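Here is the structure we will look at.
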Amino acid sequence: MSEGALARPGTAPAAAGDDLLTRWRRRYLRSEGIRGWCLSAPALFVVIAALAVPIGLLVLFSFWTQDYVHIDTSLTLHNYQLIARRTVYLEVFLRSVAISGLVTLMTVTLAYPLAYYVAFDVTRKKMVWLILITLPFWTSYLLRVFAWKIILGYGGVVNSGLQWLGLIEEPLSFLLYNPFAVILTLAHAWAAFAILPIYVSLEKIDRSLLEAATDLGDGPIERFWRVTFPLSMPGVIAAAIVIFIPTVGDYVTPALVGGPSGLMIANLIQTQFSKANDWPLGAALSIASMVTVTLIACLFVWFSKKATARIA
Amino acid sequence: MSDPARFIDIQKVTKRFGSVTAVDAVDLQIARGEFFSLLGASGCGKTTLLRMLAGFESPTEGEILIDGQPMAAVAAHRRPTNMVFQSYAIFPHLNVGQNIAYGLRKERLPKLELKKRVDEALEMIKLSGYASRRADQLSGGQRQRVALARALIRRPKVLLLDEPLGALDKKLREEMQLELRQLQESLGITFVFVTHDQEEALTMSDRIAVMSAGNVLQVDDPHSLYERPSCAQVAAFIGSMNFLKGKVRGRENGHAVVEAEGLGTIRAEAVAGEFGEGAPILLAIRPEKLAITDSAERAPLDNYVGAIEGKIAAASYLGDRSHYYVTLPGVQRPLAVAAQNVDRETEGWLQSGAPVWLSWQPKGPILLPAE
């Protein structure tokens, strides 16, 4: 490298004969900041174009109002006041949170033992197990929801099976089109998302820590609660967040298997953008639920960290 | 109360993993309050033996008794042993105080008493005031001490140490060796120490078991192990040793007379049993027991014999001492010689290719069975 290239940026006068390209090339090689920006530019572009701009538009929309086809662009809190006044929105939103919360709880609880088994007891062919876990993703999400419709439906697999066995006379009608069906379908659809992060966090635990716990007098159950579980907490939190946030906003499953009682906030939002044709209200609902879900997620992370510190 | 010489009694213990025999019918008795080392190269079965004492592995055959109690039916978490792990295994989600107090939960101590015990333990390892530090804020040496305190706070009958000093740098390791030894002497707890470092084992132990391929080759105190090895394998593993092929020619004044390659007919001490006349043996002599001089006149020092001419094949200067490799006529491998550099002026003078004379004290060479 020449002496000029080693000099501090800004202090050394550019050597005679350096063209613009060489100067920029030198600056690029010297500055970590510029290199970082260049490397992250493509992702940054996509995020800004596909995420920040739409959300910004959504926020803007939520302060407008719409009267049939005419959109009034004067800024107002009208939509948010409407949401606060009409209890149906709050009710549906709370129901969504409750359904997602139950889905999260159920999925994580069911996923944990499986992840534990694969991490600790499977010694060979771990890969086969991991591929099997992701197997449901080989079909489309919609197909899987329809599959549950077939299983739980009035003339579905469960009902006809029970009838064939002579256990029931009439098909059970409470299997489908209610929150229970939504929870079951979502829990199944998101299982792999729970298993994988928990598996990774369990797999990472240094086995000598478990032996140390045993050595210091812990039986298997105590050891689990004092060492294994707290150390797998990052995986559990990740799994819970990864399931809770998207399921609150899910609208396909409640639309197909939820019936009127299983309706969720996303279905209301979708209605605003389509049938009701009130985009500003839909935008306000989206923003309101997004902010609330974010808050819930933050609170959850904070609480679970506190709780882990206590049990250990 | 059990026999104090058989505080830990390992009886014909074998451990197989599939077709691999990690520990092969080992018989070993460790006394109460002893600092006992299991020494061997990696894969010799020393760690497996230690893990069987801790209860992490169970013997395929044989029995282990600690303080007279058979351990076969005692689960790892109920044994009177505690372990210092090679990786230290400090719980990353707990601070130093919580790590040390971990094993006391079963005792259900009142809070004040618990704090007192932890503070005492911290004082013992010279880390007072570190109770609320996180594990990742500790240096290697500090982690090692925390692991030690965590194990000792349970007041075990036996402390098991699995190469606990392996990850420390040389200076810290030497410090910890001394501290461990002092701690063991003041507590009077039986220590079983696994290491592959022969110097470490010699420095710290009351007795050492040298292991190889799942077998115990020799159990002895450090001095006997070094000066009176039972076989060529032990002799080669502890320190370094020159081996010369030879035959027994007879006896004289309690010593064997041996004809050894390169050295001619010399006297040597048979430390590992007697050999009949004509028996093939190995004559072994440690590098520091050979004296090296640069002229035949200076060679016969007081009480020394020999003065055999050779040539330096390689020389390395280590400051306090120099190592030479000397080729003797009729000997295949050059002999290693270690010479203290006592004189500031004249040492380091021996260069490759220089003619030299080797001599030794009559008690220097020993006889070992030929392999």
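Residue names in the structure tokens use chain letters A, B, ... in the order shown, residue numbers from 1 in each chain, and ligand numbers from 1 in the order shown.
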
Would you list the contacts of stretch 191-198 of chain A as an mmCIF file with C-alpha atoms, in the first residue's frame, taking every protein, DNA or RNA residue within 7 Å and counting only C-alpha atoms, but skipping same-chain residues closer than 6 positions in sequence?
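Final output, around_37.cif:
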```
data_model
loop_
_atom_site.group_PDB
_atom_site.id
_atom_site.type_symbol
_atom_site.label_atom_id
_atom_site.label_comp_id
_atom_site.auth_asym_id
_atom_site.auth_seq_id
_atom_site.Cartn_x
_atom_site.Cartn_y
_atom_site.Cartn_z
ATOM 1 C CA THR A 107 -48.132 -25.089 21.822
ATOM 2 C CA VAL A 108 -45.172 -24.332 24.084
ATOM 3 C CA ALA A 111 -43.615 -28.647 22.193
ATOM 4 C CA TYR A 112 -41.320 -28.610 25.225
ATOM 5 C CA ALA A 115 -37.923 -30.682 21.986
ATOM 6 C CA ILE A 133 -41.052 -31.922 12.836
ATOM 7 C CA THR A 134 -41.100 -29.602 9.851
ATOM 8 C CA SER A 232 -33.902 -23.051 28.066
ATOM 9 C CA GLY A 235 -35.954 -20.655 23.592
ATOM 10 C CA VAL A 236 -39.283 -20.657 25.422
ATOM 11 C CA ALA A 238 -38.629 -16.913 21.523
ATOM 12 C CA ALA A 239 -41.189 -19.651 20.854
#
```

Show me a table, sorted first by chain and then by increasing residue number, of the residues of chain A having an atom at most 8 Å from chain B, each with its shortest atom pair and the distance in Å to one decimal, counting only C-alpha atoms and written as a Markdown table.
```
| residue | atom | partner | partner_atom | distance |
| --- | --- | --- | --- | --- |
| A:Asp206 | CA | B:Ala89 | CA | 7.9 |
| A:Ser208 | CA | B:Ala89 | CA | 5.7 |
| A:Leu209 | CA | B:Ala89 | CA | 5.0 |
| A:Glu211 | CA | B:Phe56 | CA | 7.6 |
| A:Ala212 | CA | B:Ala89 | CA | 6.4 |
| A:Ala213 | CA | B:Gly103 | CA | 7.9 |
| A:Thr214 | CA | B:His77 | CA | 4.9 |
| A:Asp215 | CA | B:His77 | CA | 5.2 |
| A:Leu216 | CA | B:Gly103 | CA | 4.6 |
| A:Gly217 | CA | B:His77 | CA | 4.3 |
| A:Asp218 | CA | B:His77 | CA | 5.8 |
| A:Gly219 | CA | B:His77 | CA | 6.3 |
| A:Val227 | CA | B:Phe91 | CA | 7.7 |
| A:Pro230 | CA | B:His93 | CA | 7.4 |
| A:Leu231 | CA | B:His93 | CA | 7.0 |
| A:Ala309 | CA | B:His93 | CA | 7.8 |
| A:Ala312 | CA | B:Leu94 | CA | 7.5 |
```

For the residues selected in the previous step, produce a file with N, CA and C atoms as a short mmCIF file (atom, residue, chain, number, x, y, z; two decimals), in the first residue's frame.
```
data_model
loop_
_atom_site.label_atom_id
_atom_site.label_comp_id
_atom_site.auth_asym_id
_atom_site.auth_seq_id
_atom_site.Cartn_x
_atom_site.Cartn_y
_atom_site.Cartn_z
N ASP A 206 -24.75 -26.91 28.18
CA ASP A 206 -23.56 -27.71 28.45
C ASP A 206 -23.96 -28.86 29.39
N SER A 208 -22.28 -30.71 31.17
CA SER A 208 -21.60 -30.78 32.47
C SER A 208 -22.35 -29.94 33.52
N LEU A 209 -23.16 -28.97 33.08
CA LEU A 209 -23.96 -28.21 34.04
C LEU A 209 -25.01 -29.11 34.69
N GLU A 211 -24.72 -32.37 35.02
CA GLU A 211 -24.01 -33.27 35.91
C GLU A 211 -23.63 -32.55 37.21
N ALA A 212 -23.26 -31.26 37.07
CA ALA A 212 -22.91 -30.50 38.27
C ALA A 212 -24.11 -30.40 39.20
N ALA A 213 -25.29 -30.16 38.63
CA ALA A 213 -26.50 -30.06 39.45
C ALA A 213 -26.76 -31.38 40.18
N THR A 214 -26.62 -32.49 39.46
CA THR A 214 -26.79 -33.80 40.08
C THR A 214 -25.75 -34.00 41.19
N ASP A 215 -24.53 -33.63 40.87
CA ASP A 215 -23.43 -33.79 41.82
C ASP A 215 -23.70 -33.00 43.10
N LEU A 216 -24.39 -31.85 42.94
CA LEU A 216 -24.64 -31.00 44.10
C LEU A 216 -25.95 -31.36 44.80
N GLY A 217 -26.48 -32.53 44.47
CA GLY A 217 -27.58 -33.08 45.26
C GLY A 217 -28.96 -32.97 44.66
N ASP A 218 -29.10 -32.52 43.42
CA ASP A 218 -30.42 -32.41 42.82
C ASP A 218 -30.86 -33.72 42.20
N GLY A 219 -32.09 -34.12 42.50
CA GLY A 219 -32.70 -35.22 41.77
C GLY A 219 -33.10 -34.71 40.40
N VAL A 227 -31.99 -25.87 36.67
CA VAL A 227 -30.95 -25.65 35.67
C VAL A 227 -31.49 -25.72 34.24
N PRO A 230 -34.49 -22.97 33.42
CA PRO A 230 -34.02 -21.57 33.30
C PRO A 230 -33.08 -21.36 32.12
N LEU A 231 -32.26 -22.34 31.83
CA LEU A 231 -31.32 -22.16 30.72
C LEU A 231 -32.00 -22.29 29.37
N ALA A 309 -35.50 -15.78 37.09
CA ALA A 309 -34.50 -15.43 38.09
C ALA A 309 -34.95 -15.90 39.46
N ALA A 312 -34.87 -20.00 39.93
CA ALA A 312 -33.50 -20.53 40.02
C ALA A 312 -32.90 -20.11 41.35
#
```

Exercise. If you count only C-alpha atoms, which residues fall within 12 Å of B:Glu199, apart from same-chain ones fewer than 5 positions away, as a ChimeraX atom specification?
Worked result: /B:37,39-40,170,173-174,177,204-205,208,222-223,225-226,237-240

For this session: Pick out the residues sitting within 9 Å of B:Gly188, and hand them over as a PyMOL selection string; count only C-alpha atoms, and ignore anything fewer than 5 positions along from it in its own chain.
Result: chain B and resi 32-34+183

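Each of B:Ala73, B:Ile66, B:Ile312, B:Leu282 was checked against B:Leu159 using only C-alpha atoms; the smallest atom-to-atom distance is that of B:Ile66.
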
Exercise. DSSP on the backbone: what in stretch 4-250 of chain A comes out alpha helix (DSSP H), as JSON, numbers by chain?
Worked result: {"A": [4, 5, 6, 20, 21, 22, 23, 24, 25, 26, 27, 28, 29, 30, 32, 33, 34, 35, 36, 37, 38, 39, 40, 41, 42, 43, 44, 45, 46, 47, 53, 54, 55, 56, 57, 58, 59, 60, 61, 62, 78, 79, 80, 81, 82, 83, 84, 85, 87, 88, 89, 90, 91, 92, 93, 94, 95, 96, 97, 98, 99, 100, 101, 102, 103, 104, 105, 106, 107, 108, 109, 110, 111, 112, 113, 114, 115, 116, 126, 127, 128, 129, 130, 131, 132, 133, 141, 142, 143, 144, 145, 146, 147, 148, 149, 150, 151, 152, 157, 158, 159, 160, 161, 162, 163, 164, 179, 180, 181, 182, 183, 184, 185, 186, 187, 188, 189, 190, 191, 192, 193, 194, 195, 196, 197, 198, 199, 200, 201, 202, 203, 207, 208, 209, 210, 211, 212, 213, 214, 215, 220, 221, 222, 223, 229, 230, 231, 232, 233, 234, 235, 236, 237, 238, 239, 240, 241, 242, 243, 244, 245, 246, 247, 248]}

For this session: Using DSSP on the backbone coordinates, identify the residues of stretch 25-73 of chain B assigned to strand (DSSP E); present them as a ChimeraX atom specification.
Result: /B:25-30,35-39,61-66,69-70

Can I get the selection written as a short mmCIF file (atom, residue, chain, number, x, y, z; two decimals), in the first residue's frame, with C-alpha atoms?
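selection_16.cif written:
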```
data_model
loop_
_atom_site.label_atom_id
_atom_site.label_comp_id
_atom_site.auth_asym_id
_atom_site.auth_seq_id
_atom_site.Cartn_x
_atom_site.Cartn_y
_atom_site.Cartn_z
CA ALA B 25 -10.58 -54.85 36.27
CA VAL B 26 -9.02 -52.06 38.31
CA ASP B 27 -8.26 -52.69 41.98
CA LEU B 28 -7.42 -49.57 43.94
CA GLN B 29 -7.52 -48.53 47.57
CA ILE B 30 -7.40 -44.89 48.59
CA PHE B 35 -4.37 -36.66 48.03
CA PHE B 36 -4.58 -39.33 45.36
CA SER B 37 -3.94 -38.76 41.67
CA LEU B 38 -5.00 -40.77 38.65
CA LEU B 39 -2.37 -40.08 36.03
CA GLU B 61 -18.40 -55.32 36.72
CA GLY B 62 -16.92 -54.94 40.16
CA GLU B 63 -17.80 -52.80 43.12
CA ILE B 64 -16.93 -49.42 44.58
CA LEU B 65 -17.12 -48.77 48.32
CA ILE B 66 -16.77 -45.37 49.91
CA GLN B 69 -20.68 -48.24 51.89
CA PRO B 70 -21.23 -50.01 48.58
#
```

Exercise. Excluding same-chain residues fewer than 5 positions from stretch 169-185 of chain A, what lies within 8 Å of it counting only C-alpha atoms, as a ChimeraX atom specification?
Worked result: /A:99-100,102-103,145,148-149,152-155,159-160,163,253-254,256-263

Restricted to N, CA and C atoms, what would the selected residues look like written as a CSV table (one decimal), in the first residue's frame?
```csv
chain,number,residue,atom,x,y,z
A,99,ILE,N,-57.4,-16.1,22.8
A,99,ILE,CA,-57.2,-17.3,22.0
A,99,ILE,C,-55.7,-17.5,21.7
A,100,SER,N,-55.0,-16.4,21.3
A,100,SER,CA,-53.6,-16.5,21.0
A,100,SER,C,-52.8,-16.9,22.2
A,102,LEU,N,-53.8,-18.7,24.7
A,102,LEU,CA,-54.1,-20.2,24.9
A,102,LEU,C,-53.3,-21.0,23.9
A,103,VAL,N,-53.3,-20.5,22.6
A,103,VAL,CA,-52.6,-21.2,21.6
A,103,VAL,C,-51.1,-21.3,22.0
A,145,VAL,N,-55.5,-26.1,7.4
A,145,VAL,CA,-56.7,-25.6,8.0
A,145,VAL,C,-57.9,-26.4,7.5
A,148,TRP,N,-58.3,-29.8,9.1
A,148,TRP,CA,-59.0,-29.7,10.4
A,148,TRP,C,-60.5,-29.6,10.3
A,149,LYS,N,-60.9,-28.9,9.2
A,149,LYS,CA,-62.3,-28.8,8.9
A,149,LYS,C,-62.9,-30.1,8.7
A,152,LEU,N,-62.9,-32.1,12.1
A,152,LEU,CA,-63.8,-31.7,13.1
A,152,LEU,C,-65.2,-31.5,12.6
A,153,GLY,N,-65.5,-31.5,11.3
A,153,GLY,CA,-66.8,-31.1,10.8
A,153,GLY,C,-67.9,-31.9,11.2
A,154,TYR,N,-69.1,-31.5,10.8
A,154,TYR,CA,-70.4,-32.1,11.2
A,154,TYR,C,-70.4,-33.6,10.7
A,155,GLY,N,-70.0,-33.8,9.5
A,155,GLY,CA,-69.9,-35.1,8.9
A,155,GLY,C,-68.4,-35.5,8.9
A,159,ASN,N,-66.6,-37.2,14.1
A,159,ASN,CA,-68.0,-37.5,14.2
A,159,ASN,C,-68.4,-38.8,13.6
A,160,SER,N,-68.0,-39.1,12.4
A,160,SER,CA,-68.4,-40.3,11.8
A,160,SER,C,-67.7,-41.5,12.5
A,163,GLN,N,-69.7,-42.1,15.6
A,163,GLN,CA,-71.0,-42.7,15.3
A,163,GLN,C,-70.8,-44.2,14.9
A,253,THR,N,-57.5,-18.8,9.7
A,253,THR,CA,-58.0,-19.8,10.6
A,253,THR,C,-59.4,-19.5,11.2
A,254,PRO,N,-59.5,-18.3,11.9
A,254,PRO,CA,-60.8,-18.0,12.4
A,254,PRO,C,-61.9,-17.9,11.4
A,256,LEU,N,-62.1,-19.6,8.7
A,256,LEU,CA,-62.5,-20.9,8.2
A,256,LEU,C,-63.1,-21.9,9.2
A,257,VAL,N,-62.6,-21.8,10.4
A,257,VAL,CA,-63.0,-22.8,11.4
A,257,VAL,C,-63.6,-22.1,12.7
A,258,GLY,N,-63.6,-20.8,12.7
A,258,GLY,CA,-64.0,-20.1,14.0
A,258,GLY,C,-65.5,-19.8,14.1
A,259,GLY,N,-66.2,-19.7,13.0
A,259,GLY,CA,-67.6,-19.3,13.2
A,259,GLY,C,-67.7,-18.0,13.8
A,260,PRO,N,-69.0,-17.5,14.1
A,260,PRO,CA,-69.1,-16.2,14.7
A,260,PRO,C,-68.4,-16.0,16.1
A,261,SER,N,-68.5,-17.1,16.9
A,261,SER,CA,-67.9,-17.0,18.2
A,261,SER,C,-66.4,-17.0,18.2
A,262,GLY,N,-65.8,-17.5,17.1
A,262,GLY,CA,-64.4,-17.6,17.0
A,262,GLY,C,-63.7,-16.5,16.2
A,263,LEU,N,-64.5,-15.4,16.0
A,263,LEU,CA,-64.0,-14.3,15.2
A,263,LEU,C,-62.8,-13.6,15.9
```

Exercise. Residues at most 8 Å from B:Ala260, counting only C-alpha atoms, excluding those fewer than 5 positions away in the same chain, as a PyMOL selection string?
Worked result: chain B and resi 244-247+265-266+283

Problem set entry | 9 Å contact set for A:Phe244, only C-alpha atoms, chain neighbours under 6 positions out, as a VMD selection string | chain A and resid 97 100 to 101 103 to 104 293 297

Problem set entry | Nearest-residue call for B:Val194, choices B:Ser2, B:Thr14, B:Ser19, B:Thr48, using only C-alpha atoms | B:Thr48

Problem set entry | Straight-line distance linking atom CA of B:Leu161 with atom CA of B:Gln144, stated in Å to one decimal |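 Straight-line distance from atom CA of B:Leu161 to atom CA of B:Gln144 works out to 10.7 Å.
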
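Distance check against A:Ser201 using only C-alpha atoms: of A:Met233, A:Val128, A:Met290, A:Leu114, the minimum falls on A:Met233.
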